[in-house]
Every structure is written in C-alpha cells, then in structure tokens.
>>> print(open('my_file-v1.json').read())   # JSON, C-alpha atoms
[["chain", "number", "residue", "atom", "x", "y", "z"],
["K", 379, "MET", "CA", 12.63, -14.24, -29.50],
["K", 380, "GLU", "CA", 9.34, -16.06, -30.12],
["K", 381, "PRO", "CA", 9.41, -19.88, -30.18],
["K", 382, "SER", "CA", 8.88, -22.06, -33.22],
["K", 383, "PRO", "CA", 5.25, -22.21, -34.37],
["K", 384, "LEU", "CA", 2.94, -24.87, -32.99],
["K", 385, "PRO", "CA", 2.16, -27.96, -35.08],
["K", 386, "PRO", "CA", -1.15, -27.68, -37.01],
["K", 387, "ASP", "CA", -3.33, -29.61, -34.54],
["K", 388, "LEU", "CA", -2.08, -27.53, -31.59],
["K", 389, "ALA", "CA", -2.32, -24.32, -33.62],
["K", 390, "LYS", "CA", -5.97, -25.15, -34.28],
["K", 391, "ILE", "CA", -6.67, -25.37, -30.55],
["K", 392, "ALA", "CA", -4.76, -22.12, -29.94],
["K", 393, "ALA", "CA", -6.91, -20.48, -32.63],
["K", 394, "ARG", "CA", -10.07, -21.78, -30.96],
["K", 395, "LEU", "CA", -8.86, -20.28, -27.69],
["K", 396, "SER", "CA", -8.26, -16.91, -29.32],
["K", 397, "ALA", "CA", -11.62, -16.97, -31.09],
["K", 398, "ARG", "CA", -13.74, -17.84, -28.06],
["K", 399, "PRO", "CA", -16.05, -15.11, -26.77],
["K", 400, "ARG", "CA", -14.47, -13.06, -24.00],
["K", 401, "VAL", "CA", -15.86, -11.27, -21.03],
["K", 402, "GLU", "CA", -15.38, -7.51, -21.06],
["K", 403, "PRO", "CA", -15.50, -5.06, -18.16],
["K", 404, "ARG", "CA", -18.77, -3.25, -17.54],
["K", 405, "GLY", "CA", -19.23, 0.16, -19.14],
["K", 406, "ASP", "CA", -18.79, 2.07, -15.88],
["K", 407, "HIS", "CA", -15.61, 0.28, -14.93],
["K", 408, "ARG", "CA", -13.37, 2.89, -16.56],
["K", 409, "ASP", "CA", -15.11, 5.68, -14.62],
["K", 410, "ARG", "CA", -14.74, 3.71, -11.38],
["K", 411, "VAL", "CA", -11.04, 3.14, -11.96],
["K", 412, "MET", "CA", -10.44, 6.77, -12.90],
["K", 413, "ALA", "CA", -12.34, 7.96, -9.82],
["K", 414, "ALA", "CA", -10.08, 5.74, -7.68],
["K", 415, "VAL", "CA", -7.03, 7.12, -9.49],
["K", 416, "ARG", "CA", -8.16, 10.71, -8.86],
["K", 417, "ARG", "CA", -8.78, 9.93, -5.17],
["K", 418, "GLU", "CA", -5.36, 8.35, -4.86],
["K", 419, "LEU", "CA", -3.67, 11.25, -6.69],
["K", 420, "ALA", "CA", -5.34, 13.66, -4.26],
["K", 421, "THR", "CA", -4.38, 11.70, -1.14],
["K", 422, "GLY", "CA", -0.94, 10.90, -2.50],
["K", 423, "ARG", "CA", 0.14, 14.47, -1.82],
["K", 424, "LYS", "CA", -0.51, 13.94, 1.88],
["K", 425, "PRO", "CA", 2.01, 11.82, 3.80],
["K", 426, "SER", "CA", 0.96, 8.20, 3.83],
["K", 427, "ARG", "CA", 0.45, 6.19, 7.01],
["K", 428, "GLN", "CA", 3.76, 4.41, 6.41],
["K", 429, "GLN", "CA", 5.57, 7.75, 6.02],
["K", 430, "LYS", "CA", 3.93, 8.98, 9.25],
["K", 431, "GLU", "CA", 5.06, 5.82, 11.06],
["K", 432, "THR", "CA", 8.59, 6.25, 9.73],
["K", 433, "TRP", "CA", 8.72, 9.86, 10.97],
["K", 434, "HIS", "CA", 7.27, 8.83, 14.33],
["K", 435, "PHE", "CA", 9.93, 6.14, 14.71],
["K", 436, "ALA", "CA", 12.68, 8.61, 13.70],
["K", 437, "ALA", "CA", 11.44, 11.17, 16.24],
["K", 438, "VAL", "CA", 11.32, 8.60, 19.06],
["K", 439, "ALA", "CA", 14.81, 7.32, 18.16],
["K", 440, "ALA", "CA", 16.19, 10.90, 18.08],
["K", 441, "ALA", "CA", 14.61, 11.65, 21.47],
["K", 442, "ALA", "CA", 16.13, 8.49, 22.95],
["K", 443, "VAL", "CA", 19.59, 9.35, 21.58],
["K", 444, "LEU", "CA", 19.28, 12.92, 22.91],
["K", 445, "PHE", "CA", 18.22, 11.63, 26.35],
["K", 446, "VAL", "CA", 21.21, 9.27, 26.59],
["K", 447, "TRP", "CA", 23.60, 11.97, 25.30],
["K", 448, "LEU", "CA", 22.29, 14.49, 27.85],
["K", 449, "ASN", "CA", 22.79, 11.98, 30.66],
["K", 450, "VAL", "CA", 26.33, 11.20, 29.58],
["K", 451, "ALA", "CA", 27.14, 14.91, 29.15],
["K", 452, "MET", "CA", 25.74, 15.81, 32.57],
["K", 453, "ARG", "CA", 27.65, 12.97, 34.18],
["K", 454, "ALA", "CA", 30.85, 14.13, 32.46],
["K", 455, "ALA", "CA", 30.27, 17.75, 33.54],
["K", 456, "ASN", "CA", 29.44, 16.82, 37.16],
["K", 457, "PRO", "CA", 31.51, 13.82, 38.21],
["K", 458, "PRO", "CA", 29.74, 12.13, 41.09],
["K", 459, "GLY", "CA", 32.78, 11.45, 43.33],
["K", 460, "TRP", "CA", 30.62, 9.06, 45.37],
["K", 461, "ARG", "CA", 31.79, 10.87, 48.62],
["K", 462, "LEU", "CA", 34.56, 8.37, 48.91],
["K", 463, "ARG", "CA", 36.44, 8.45, 52.14],
["K", 464, "GLY", "CA", 39.64, 10.34, 51.50],
["K", 465, "PRO", "CA", 42.98, 9.14, 52.82],
["K", 466, "GLY", "CA", 43.01, 11.89, 55.50],
["K", 467, "ASN", "CA", 39.61, 11.04, 56.93],
["K", 468, "GLY", "CA", 40.93, 8.42, 59.35],
["K", 469, "VAL", "CA", 43.56, 10.87, 60.59],
["K", 470, "ALA", "CA", 40.89, 13.55, 61.13],
["K", 471, "VAL", "CA", 38.78, 11.13, 63.21],
["K", 472, "ALA", "CA", 41.84, 10.23, 65.31],
["K", 473, "GLN", "CA", 42.62, 13.96, 65.88],
["K", 474, "THR", "CA", 39.02, 14.62, 66.94],
["K", 475, "ALA", "CA", 39.14, 11.62, 69.32],
["K", 476, "ALA", "CA", 42.33, 12.97, 70.85],
["K", 477, "TRP", "CA", 40.77, 16.40, 71.23],
["K", 478, "ILE", "CA", 37.67, 14.85, 72.94],
["K", 479, "GLN", "CA", 39.94, 12.94, 75.31],
["K", 480, "GLU", "CA", 41.75, 16.16, 76.18],
["K", 481, "LEU", "CA", 38.43, 17.78, 77.01],
["K", 482, "VAL", "CA", 37.08, 14.78, 78.95],
["K", 483, "PRO", "CA", 40.06, 12.79, 80.21],
["K", 484, "SER", "CA", 37.78, 10.32, 82.04],
["K", 485, "LEU", "CA", 36.28, 9.15, 78.72],
["K", 486, "PRO", "CA", 37.73, 5.82, 77.58],
["K", 487, "GLU", "CA", 39.66, 5.91, 74.33],
["K", 488, "ARG", "CA", 37.17, 3.65, 72.61],
["K", 489, "GLU", "CA", 34.24, 5.93, 73.56],
["K", 490, "ALA", "CA", 36.15, 9.05, 72.48],
["K", 491, "ARG", "CA", 36.79, 7.46, 69.11],
["K", 492, "ARG", "CA", 33.11, 6.51, 68.78],
["K", 493, "GLN", "CA", 32.07, 10.10, 69.57],
["K", 494, "ALA", "CA", 34.56, 11.38, 66.98],
["K", 495, "VAL", "CA", 33.13, 9.08, 64.33],
["K", 496, "VAL", "CA", 29.60, 10.23, 65.24],
["K", 497, "LEU", "CA", 30.65, 13.88, 65.03],
["K", 498, "HIS", "CA", 32.21, 13.37, 61.62],
["K", 499, "ALA", "CA", 29.17, 11.49, 60.37],
["K", 500, "GLY", "CA", 26.88, 14.24, 61.70],
["K", 501, "ALA", "CA", 28.90, 16.90, 59.89],
["K", 502, "ARG", "CA", 28.06, 15.19, 56.61],
["K", 503, "LEU", "CA", 24.32, 14.95, 57.27],
["K", 504, "VAL", "CA", 22.05, 16.96, 55.03],
["K", 505, "PRO", "CA", 19.09, 18.65, 56.74],
["K", 506, "ALA", "CA", 15.88, 16.98, 55.74],
["K", 507, "THR", "CA", 12.20, 17.47, 56.41],
["K", 508, "GLN", "CA", 10.46, 15.57, 59.18],
["K", 509, "PRO", "CA", 8.93, 12.26, 58.29],
["K", 510, "ALA", "CA", 5.58, 12.80, 56.66],
["K", 511, "GLY", "CA", 2.37, 11.66, 58.23],
["K", 512, "ARG", "CA", -0.18, 12.97, 60.67],
["K", 513, "ALA", "CA", 1.14, 10.91, 63.63],
["K", 514, "ALA", "CA", 4.71, 12.21, 63.28],
["K", 515, "GLY", "CA", 3.55, 15.84, 63.11],
["K", 516, "ALA", "CA", 1.20, 15.43, 66.09],
["K", 517, "LEU", "CA", 3.96, 13.86, 68.20],
["K", 518, "LEU", "CA", 6.33, 16.77, 67.45],
["K", 519, "LEU", "CA", 3.67, 19.35, 68.35],
["K", 520, "HIS", "CA", 2.88, 17.48, 71.56],
["K", 521, "GLU", "CA", 6.57, 17.48, 72.56],
["K", 522, "LEU", "CA", 6.87, 21.22, 71.82],
["K", 523, "LYS", "CA", 3.78, 22.01, 73.89],
["K", 524, "GLU", "CA", 4.90, 19.87, 76.82],
["K", 525, "GLY", "CA", 8.32, 21.47, 76.70],
["K", 526, "ALA", "CA", 9.95, 18.09, 76.45],
["K", 527, "PRO", "CA", 13.72, 18.41, 76.34],
["K", 528, "TRP", "CA", 15.45, 17.89, 73.01],
["K", 529, "VAL", "CA", 17.64, 14.86, 73.25],
["K", 530, "MET", "CA", 20.71, 15.12, 71.11],
["K", 531, "PRO", "CA", 22.50, 11.92, 70.20],
["B", 368, "MET", "CA", 19.63, 1.51, -25.58],
["B", 369, "LYS", "CA", 16.64, 2.48, -27.73],
["B", 370, "PRO", "CA", 13.96, 4.29, -25.69],
["B", 371, "SER", "CA", 10.68, 2.41, -25.32],
["B", 372, "PRO", "CA", 7.71, 3.76, -27.34],
["B", 373, "GLU", "CA", 5.83, 3.76, -24.04],
["B", 374, "ALA", "CA", 8.36, 6.08, -22.42],
["B", 375, "PRO", "CA", 6.15, 9.23, -22.65],
["B", 376, "LEU", "CA", 3.26, 7.28, -21.14],
["B", 377, "VAL", "CA", 5.49, 5.97, -18.33],
["B", 378, "ASP", "CA", 6.76, 9.50, -17.69],
["B", 379, "GLY", "CA", 3.17, 10.77, -17.49],
["B", 380, "LEU", "CA", 2.24, 8.02, -15.04],
["B", 381, "ALA", "CA", 5.33, 8.70, -12.94],
["B", 382, "ALA", "CA", 4.45, 12.41, -12.86],
["B", 383, "GLY", "CA", 0.89, 11.66, -11.71],
["B", 384, "ASP", "CA", -0.73, 12.94, -14.91],
["B", 385, "GLU", "CA", -4.39, 11.87, -14.90],
["B", 386, "THR", "CA", -4.62, 11.67, -18.69],
["B", 387, "ALA", "CA", -1.74, 9.19, -18.71],
["B", 388, "PHE", "CA", -3.73, 6.91, -16.39],
["B", 389, "ALA", "CA", -6.75, 7.20, -18.68],
["B", 390, "ALA", "CA", -4.54, 6.31, -21.66],
["B", 391, "ALA", "CA", -3.08, 3.33, -19.80],
["B", 392, "TYR", "CA", -6.60, 2.10, -19.01],
["B", 393, "ASP", "CA", -7.67, 2.48, -22.63],
["B", 394, "LEU", "CA", -4.62, 0.51, -23.76],
["B", 395, "TYR", "CA", -4.59, -2.29, -21.19],
["B", 396, "GLY", "CA", -7.74, -2.09, -19.04],
["B", 397, "ALA", "CA", -9.79, -4.67, -20.96],
["B", 398, "ALA", "CA", -6.89, -7.13, -21.30],
["B", 399, "LEU", "CA", -6.09, -6.78, -17.60],
["B", 400, "PHE", "CA", -9.74, -7.46, -16.81],
["B", 401, "ARG", "CA", -9.87, -10.62, -18.96],
["B", 402, "VAL", "CA", -6.75, -12.02, -17.31],
["B", 403, "ALA", "CA", -8.07, -11.05, -13.88],
["B", 404, "VAL", "CA", -11.29, -12.98, -14.54],
["B", 405, "ALA", "CA", -9.22, -16.04, -15.43],
["B", 406, "ILE", "CA", -7.23, -15.71, -12.20],
["B", 407, "VAL", "CA", -9.87, -14.73, -9.61],
["B", 408, "GLY", "CA", -12.87, -16.31, -11.34],
["B", 409, "SER", "CA", -15.43, -13.58, -10.74],
["B", 410, "ARG", "CA", -16.32, -10.42, -12.62],
["B", 411, "GLU", "CA", -16.64, -8.26, -9.50],
["B", 412, "GLU", "CA", -13.33, -9.42, -8.02],
["B", 413, "ALA", "CA", -11.65, -8.99, -11.39],
["B", 414, "GLU", "CA", -12.87, -5.39, -11.66],
["B", 415, "ASP", "CA", -11.63, -4.67, -8.14],
["B", 416, "ALA", "CA", -8.25, -6.27, -8.92],
["B", 417, "VAL", "CA", -7.83, -4.06, -12.01],
["B", 418, "GLN", "CA", -8.73, -1.02, -9.91],
["B", 419, "ASP", "CA", -6.10, -2.11, -7.37],
["B", 420, "VAL", "CA", -3.54, -2.20, -10.19],
["B", 421, "PHE", "CA", -4.23, 1.43, -11.12],
["B", 422, "VAL", "CA", -4.20, 2.57, -7.50],
["B", 423, "ALA", "CA", -0.85, 0.80, -7.04],
["B", 424, "LEU", "CA", 0.33, 2.55, -10.21],
["B", 425, "VAL", "CA", -0.45, 5.94, -8.64],
["B", 426, "ARG", "CA", 1.35, 4.93, -5.45],
["B", 427, "ALA", "CA", 4.42, 3.78, -7.37],
["B", 428, "GLY", "CA", 4.93, 7.41, -8.51],
["B", 429, "GLY", "CA", 8.46, 8.26, -9.58],
["B", 430, "ARG", "CA", 9.63, 4.65, -9.22],
["B", 431, "LEU", "CA", 7.78, 3.93, -12.48],
["B", 432, "ARG", "CA", 10.56, 5.65, -14.44],
["B", 433, "ALA", "CA", 12.66, 2.53, -13.91],
["B", 434, "VAL", "CA", 10.03, 0.33, -15.60],
["B", 435, "ARG", "CA", 11.29, -1.08, -18.93],
["B", 436, "ASP", "CA", 8.11, -2.82, -20.06],
["B", 437, "LEU", "CA", 4.92, -1.16, -18.84],
["B", 438, "LYS", "CA", 2.64, -3.92, -20.13],
["B", 439, "ALA", "CA", 4.56, -6.66, -18.31],
["B", 440, "TYR", "CA", 4.73, -4.46, -15.21],
["B", 441, "LEU", "CA", 0.95, -4.00, -15.22],
["B", 442, "PHE", "CA", 0.26, -7.72, -15.57],
["B", 443, "ALA", "CA", 2.78, -8.57, -12.82],
["B", 444, "SER", "CA", 1.00, -6.01, -10.63],
["B", 445, "LEU", "CA", -2.33, -7.63, -11.55],
["B", 446, "ARG", "CA", -1.11, -11.03, -10.37],
["B", 447, "ARG", "CA", -0.13, -9.54, -7.00],
["B", 448, "ALA", "CA", -3.45, -7.70, -6.70],
["B", 449, "ALA", "CA", -5.39, -10.87, -7.57],
["B", 450, "VAL", "CA", -3.47, -12.94, -5.03],
["B", 451, "ARG", "CA", -4.09, -10.30, -2.35],
["B", 452, "ARG", "CA", -7.80, -10.29, -3.15],
["B", 453, "MET", "CA", -7.98, -14.07, -2.91],
["B", 454, "GLN", "CA", -6.03, -14.06, 0.35],
["B", 455, "LYS", "CA", -8.52, -11.56, 1.76],
["B", 456, "GLN", "CA", -11.27, -14.00, 0.87],
["B", 457, "ARG", "CA", -9.12, -16.84, 2.28],
["B", 458, "ARG", "CA", -9.13, -18.56, -1.06],
["B", 459, "PRO", "CA", -6.02, -20.34, -2.29],
["B", 460, "PRO", "CA", -4.19, -18.41, -5.03],
["B", 461, "LEU", "CA", -5.18, -19.49, -8.52],
["B", 462, "PRO", "CA", -7.81, -22.02, -7.49],
["B", 463, "THR", "CA", -8.38, -24.94, -9.83],
["B", 464, "VAL", "CA", -11.98, -23.85, -10.41],
["B", 465, "ALA", "CA", -11.14, -20.26, -11.32],
["B", 466, "VAL", "CA", -12.19, -20.35, -14.93],
["B", 467, "SER", "CA", -15.29, -22.43, -14.28],
["B", 468, "ARG", "CA", -16.47, -19.63, -11.95],
["B", 469, "ALA", "CA", -16.04, -17.07, -14.69],
["B", 470, "PRO", "CA", -19.25, -15.81, -16.22],
["B", 471, "PRO", "CA", -20.16, -17.98, -19.23],
["B", 472, "PRO", "CA", -19.95, -16.38, -22.68],
["B", 473, "ALA", "CA", -23.22, -15.10, -24.06],
["B", 474, "GLU", "CA", -23.25, -17.54, -26.94],
["B", 475, "THR", "CA", -22.22, -21.02, -25.87],
["B", 476, "SER", "CA", -22.07, -24.06, -28.03],
["B", 477, "ASP", "CA", -21.14, -27.54, -26.88],
["B", 478, "ASP", "CA", -17.63, -27.03, -28.24],
["B", 479, "ALA", "CA", -17.23, -23.76, -26.36],
["B", 480, "VAL", "CA", -18.40, -25.35, -23.12],
["B", 481, "ARG", "CA", -16.01, -28.29, -23.61],
["B", 482, "LEU", "CA", -13.16, -25.88, -24.28],
["B", 483, "GLU", "CA", -13.93, -23.87, -21.13],
["B", 484, "ARG", "CA", -14.08, -27.07, -19.07],
["B", 485, "ALA", "CA", -10.81, -28.29, -20.51],
["B", 486, "LEU", "CA", -9.26, -24.91, -19.73],
["B", 487, "ALA", "CA", -10.54, -25.10, -16.14],
["B", 488, "SER", "CA", -8.93, -28.52, -15.71],
["B", 489, "LEU", "CA", -5.44, -27.17, -16.48],
["B", 490, "PRO", "CA", -2.91, -26.69, -13.67],
["B", 491, "ALA", "CA", -3.03, -23.12, -12.33],
["B", 492, "ALA", "CA", 0.34, -22.07, -13.76],
["B", 493, "GLN", "CA", -0.57, -23.29, -17.27],
["B", 494, "ARG", "CA", -4.01, -21.69, -17.12],
["B", 495, "GLU", "CA", -2.42, -18.41, -16.06],
["B", 496, "MET", "CA", 0.01, -18.69, -18.98],
["B", 497, "VAL", "CA", -2.88, -19.20, -21.42],
["B", 498, "ALA", "CA", -4.75, -16.25, -19.90],
["B", 499, "LEU", "CA", -1.73, -13.94, -20.22],
["B", 500, "HIS", "CA", -0.88, -14.99, -23.77],
["B", 501, "VAL", "CA", -4.36, -15.44, -25.26],
["B", 502, "ASP", "CA", -6.62, -13.16, -23.21],
["B", 503, "GLY", "CA", -4.01, -10.58, -22.28],
["B", 504, "GLY", "CA", -2.30, -10.56, -25.65],
["B", 505, "LEU", "CA", 1.19, -10.66, -24.15],
["B", 506, "THR", "CA", 4.13, -12.03, -26.09],
["B", 507, "PHE", "CA", 6.10, -14.84, -24.47],
["B", 508, "ALA", "CA", 8.82, -12.32, -23.55],
["B", 509, "GLU", "CA", 6.21, -10.13, -21.84],
["B", 510, "CYS", "CA", 4.64, -13.16, -20.14],
["B", 511, "ALA", "CA", 8.09, -14.15, -18.89],
["B", 512, "GLU", "CA", 8.70, -10.64, -17.55],
["B", 513, "ALA", "CA", 5.33, -10.61, -15.79],
["B", 514, "LEU", "CA", 5.79, -14.08, -14.30],
["B", 515, "GLY", "CA", 9.47, -13.70, -13.46],
["B", 516, "ILE", "CA", 10.52, -16.68, -15.58],
["B", 517, "ARG", "CA", 12.59, -17.19, -18.75],
["B", 518, "PRO", "CA", 10.88, -16.63, -22.12],
["B", 519, "GLY", "CA", 11.67, -20.24, -23.12],
["B", 520, "THR", "CA", 9.94, -21.49, -19.97],
["B", 521, "ALA", "CA", 6.90, -19.33, -20.75],
["B", 522, "ALA", "CA", 6.68, -20.72, -24.31],
["B", 523, "GLY", "CA", 7.14, -24.28, -23.05],
["B", 524, "ARG", "CA", 4.44, -23.82, -20.43],
["B", 525, "TYR", "CA", 2.04, -22.54, -23.08],
["B", 526, "ARG", "CA", 2.79, -25.46, -25.37],
["B", 527, "TYR", "CA", 2.20, -28.00, -22.55],
["B", 528, "ALA", "CA", -1.09, -26.26, -21.80],
["B", 529, "ILE", "CA", -2.25, -26.54, -25.41],
["B", 530, "GLU", "CA", -1.20, -30.21, -25.51],
["B", 531, "LYS", "CA", -3.21, -30.87, -22.35],
["B", 532, "LEU", "CA", -6.18, -29.08, -23.87],
["B", 533, "ARG", "CA", -5.91, -31.27, -26.99],
["B", 534, "ALA", "CA", -5.86, -34.40, -24.81],
["B", 535, "ALA", "CA", -8.81, -33.17, -22.74],
["B", 536, "LEU", "CA", -10.84, -32.32, -25.84],
["B", 537, "LYS", "CA", -10.20, -35.75, -27.36],
["B", 538, "GLU", "CA", -11.64, -37.54, -24.32]]
>>> encode(input="my_file-v1.json", output="structure tokens")
Amino acid sequence: MEPSPLPPDLAKIAARLSARPRVEPRGDHRDRVMAAVRRELATGRKPSRQQKETWHFAAVAAAAVLFVWLNVAMRAANPPGWRLRGPGNGVAVAQTAAWIQELVPSLPEREARRQAVVLHAGARLVPATQPAGRAAGALLLHELKEGAPWVMP
Amino acid sequence: MKPSPEAPLVDGLAAGDETAFAAAYDLYGAALFRVAVAIVGSREEAEDAVQDVFVALVRAGGRLRAVRDLKAYLFASLRRAAVRRMQKQRRPPLPTVAVSRAPPPAETSDDAVRLERALASLPAAQREMVALHVDGGLTFAECAEALGIRPGTAAGRYRYAIEKLRAALKE
C-alpha cells in the first residue's frame, strides 16, 4: 500500500529530486561485473575455503572421537587389574618364610620373613635392559674382564 | 500465492545461469549504481559495491529460490556491500558527506547545487531513503523490505526527508 500523496509544495521538491541529473555507471562496468560473475561461477564449483574448513574440522573431530573410542574399547578388552595384591599373597609370603626357616633354622623369624618378601618381589620383576650410558656399559665390561663375582641381593 | 513475475529470473540466478545475471544487471545495475554512489560517495567504490552484489548473488546459489522480491533483495545486498567497503576503508557507514563526495552532475545550475547540498545535509537514514526511492526507483514496500522496516516507516522517513529539504532550500 502506497501512502497518501505529498502536498503540492513537497511534491514539487520530490519532482525536482527525480528530475535532477544522475550519475550512470561507466560503459565498461557491465563487462567488469559479468567477468566477475563468470569467475565466481567457475570457482563456485570448487569447494570454498569455508567448506574446506568445515570438512577439516569434521575430520579432526571424527579422529578425536575414534581415538577416545579406541582407548575405551582397548581398556574394556584388556582390564588392567593393577596387579593388586590378592588375599592369598600374605599367606604365600608366610609359607615361604616358614620354608626358609626350615632350611636355615638359625635365621631369625623377622629375617626369614624379609627374605620371603624379597623373593616374592623378585618373582614379579620383569627383565629389563641395563641402564643406558657409556659409563654403565664400561663398568659392566670391566667387571666381566676382572672376573668380579656377581653379587645377588 | 501468485508467483512473482521475476520467478524465472530468480530460478536462472539460483541455477547459476550466466544470461540470468546479465538480465539482472540490465534491469537493476544502473539503479544499484546510483544508490551506491549516494551511500559510498564515490564512483569507483560504487562500481565495486555493485560488483560485490553480483558476486554475492552467485555465491547465494540455490538459496535465492527463497527470495520473494529480487529487487529488494538486491538493494539490501547493496547496503551490506557498501557498509563492508566503507569498513574496509575505516569510514563510518553512511557518512554525512556521502552525497557531497559524489561526482557533480555535468550540467549544474545554482538550484541543482543547492538541492545537492540540502540532500547532503540530511541524516544518513533519510538520505538513504531518498536514494532508494528516487534514484533506485523502489516503491515504499520495496524500500521497507530492503531496509528491514515497515512500509509506513519508510514512507514517513521519506516525507520527513522532503520536509527537511524544503526547509533547507528556503534558508
């Protein structure tokens, strides 16, 4: 709905506005705009930067979800157990201590128990490589050459 | 709802048909340019702003099918393009001197110069309204659509602008 017409004095000013000379675009402007349109139509078929960023974000998010899921699945498939001391462990140490005391009756009970604990701890040790470093390796070689006795704890 | 007469043109634009863009330029290019000059105040910037409008039209693609009024859509897009251009130049949107920076008409009389000066002294929103209605040839309903206001507000803004021009020309 168009509003009511302007009063004559205002209509005269509106007419002067409409009649004033206007600037027009230069003759080559149409060609420039159409060249830009053609360029944009050609590049529009390729994924835009924003689309690329969206895909990149989606890929990173999917990788993160997959990583977390794999961790949870592996943990579920291989429960850690934490090598918790079982209820029978104390009994086993006591049996070993008794057995040591039978073998060496002169050993005090406290020492027999300590040896039993050490034996049990040693049974759980995992073989590992020697400490790295030139000094450690040289010391070992020196001991082997000298025929130094191996001291077991 | 009755289909818009511009529907085939909008479909062509949405489909990326080059001839549709040429037709849209032939229909609205000059009017867009005149309004752009009134907003940005320079011929070169105005030409670039109109080019931005057509590039944005290509990028809009299939979304254009939802456009009800292509003319209003183009002028709304022009406003955004003009504001972006002025922000790039760190100029405030719709500066008060916009029209005075516009190239002067080839034939200028004292009355024409006074009219241009009076126009330049208008508040930015009223000057933009005059540019859309007079230079762009938009109806008040189309101006309202482009500006995101009610048609009554657009008509009122235009009337205030003309009243201010009358007062300025009497001084």
>>> atom_distance(input="my_file-v1.json", atom1="atom CA of Ala420 of chain K", atom2="atom CA of Glu373 of chain B")
24.8 Å
>>> closest_residue(input="my_file-v1.json", among="B:Ala448, B:Glu483, B:Gly515, B:Glu538", to="chain K", atoms="only C-alpha atoms")
B:Glu483
>>> atom_distance(input="my_file-v1.json", atom1="atom CA of Glu418 of chain K", atom2="atom CA of Val422 of chain B")
6.5 Å
>>> atom_distance(input="my_file-v1.json", atom1="atom CA of Pro385 of chain K", atom2="atom CA of Ile516 of chain B")
24.0 Å
>>> interface_residues(input="my_file-v1.json", of="chain K", to="chain B", cutoff="6 Å", atoms="only C-alpha atoms", output="list in words")
Ser396, Pro399, Val411 and Val415 of chain K
>>> residues_around(input="my_file-v1.json", residues="Leu431 of chain B", least_positions_apart="5", cutoff="10 Å", atoms="all atoms listed in the file", output="ChimeraX atom specification")
/B:377-382,424-426,437,440
>>> decode(input="my_file-v1.json", residues="segment 409-429 of chain B", atoms="N, CA and C atoms", output="tab-separated table (two decimals), in the first residue's frame")
chain	number	residue	atom	x	y	z
B	409	SER	N	31.47	7.69	-3.82
B	409	SER	CA	32.49	7.75	-4.88
B	409	SER	C	32.11	6.78	-5.99
B	410	ARG	N	32.39	7.19	-7.22
B	410	ARG	CA	32.03	6.39	-8.39
B	410	ARG	C	32.73	5.03	-8.36
B	411	GLU	N	34.03	5.05	-8.05
B	411	GLU	CA	34.82	3.80	-8.08
B	411	GLU	C	34.30	2.82	-7.02
B	412	GLU	N	34.10	3.34	-5.81
B	412	GLU	CA	33.62	2.49	-4.72
B	412	GLU	C	32.21	1.96	-5.04
B	413	ALA	N	31.41	2.82	-5.67
B	413	ALA	CA	30.05	2.42	-6.01
B	413	ALA	C	30.07	1.28	-7.03
B	414	GLU	N	30.96	1.39	-8.02
B	414	GLU	CA	31.07	0.32	-9.03
B	414	GLU	C	31.52	-0.98	-8.39
B	415	ASP	N	32.47	-0.87	-7.47
B	415	ASP	CA	32.95	-2.08	-6.77
B	415	ASP	C	31.84	-2.68	-5.92
B	416	ALA	N	31.05	-1.82	-5.27
B	416	ALA	CA	29.97	-2.33	-4.41
B	416	ALA	C	28.92	-3.08	-5.24
B	417	VAL	N	28.61	-2.54	-6.43
B	417	VAL	CA	27.65	-3.23	-7.31
B	417	VAL	C	28.22	-4.58	-7.76
B	418	GLN	N	29.50	-4.58	-8.06
B	418	GLN	CA	30.15	-5.85	-8.45
B	418	GLN	C	30.07	-6.85	-7.29
B	419	ASP	N	30.29	-6.36	-6.08
B	419	ASP	CA	30.19	-7.23	-4.89
B	419	ASP	C	28.79	-7.85	-4.79
B	420	VAL	N	27.78	-7.04	-5.13
B	420	VAL	CA	26.39	-7.54	-5.06
B	420	VAL	C	26.22	-8.73	-6.00
B	421	PHE	N	26.76	-8.62	-7.21
B	421	PHE	CA	26.57	-9.71	-8.18
B	421	PHE	C	27.41	-10.93	-7.82
B	422	VAL	N	28.57	-10.70	-7.25
B	422	VAL	CA	29.39	-11.84	-6.79
B	422	VAL	C	28.66	-12.56	-5.65
B	423	ALA	N	28.07	-11.76	-4.74
B	423	ALA	CA	27.32	-12.36	-3.62
B	423	ALA	C	26.10	-13.12	-4.15
B	424	LEU	N	25.54	-12.61	-5.25
B	424	LEU	CA	24.38	-13.27	-5.87
B	424	LEU	C	24.78	-14.67	-6.39
B	425	VAL	N	25.97	-14.75	-6.99
B	425	VAL	CA	26.46	-16.05	-7.46
B	425	VAL	C	26.64	-16.99	-6.27
B	426	ARG	N	27.25	-16.44	-5.21
B	426	ARG	CA	27.54	-17.28	-4.03
B	426	ARG	C	26.27	-17.75	-3.34
B	427	ALA	N	25.21	-16.95	-3.43
B	427	ALA	CA	23.95	-17.33	-2.76
B	427	ALA	C	23.39	-18.61	-3.39
B	428	GLY	N	23.60	-18.80	-4.68
B	428	GLY	CA	23.19	-20.05	-5.36
B	428	GLY	C	21.73	-20.41	-5.13
B	429	GLY	N	21.52	-21.66	-4.73
B	429	GLY	CA	20.17	-22.20	-4.58
B	429	GLY	C	19.33	-21.50	-3.52
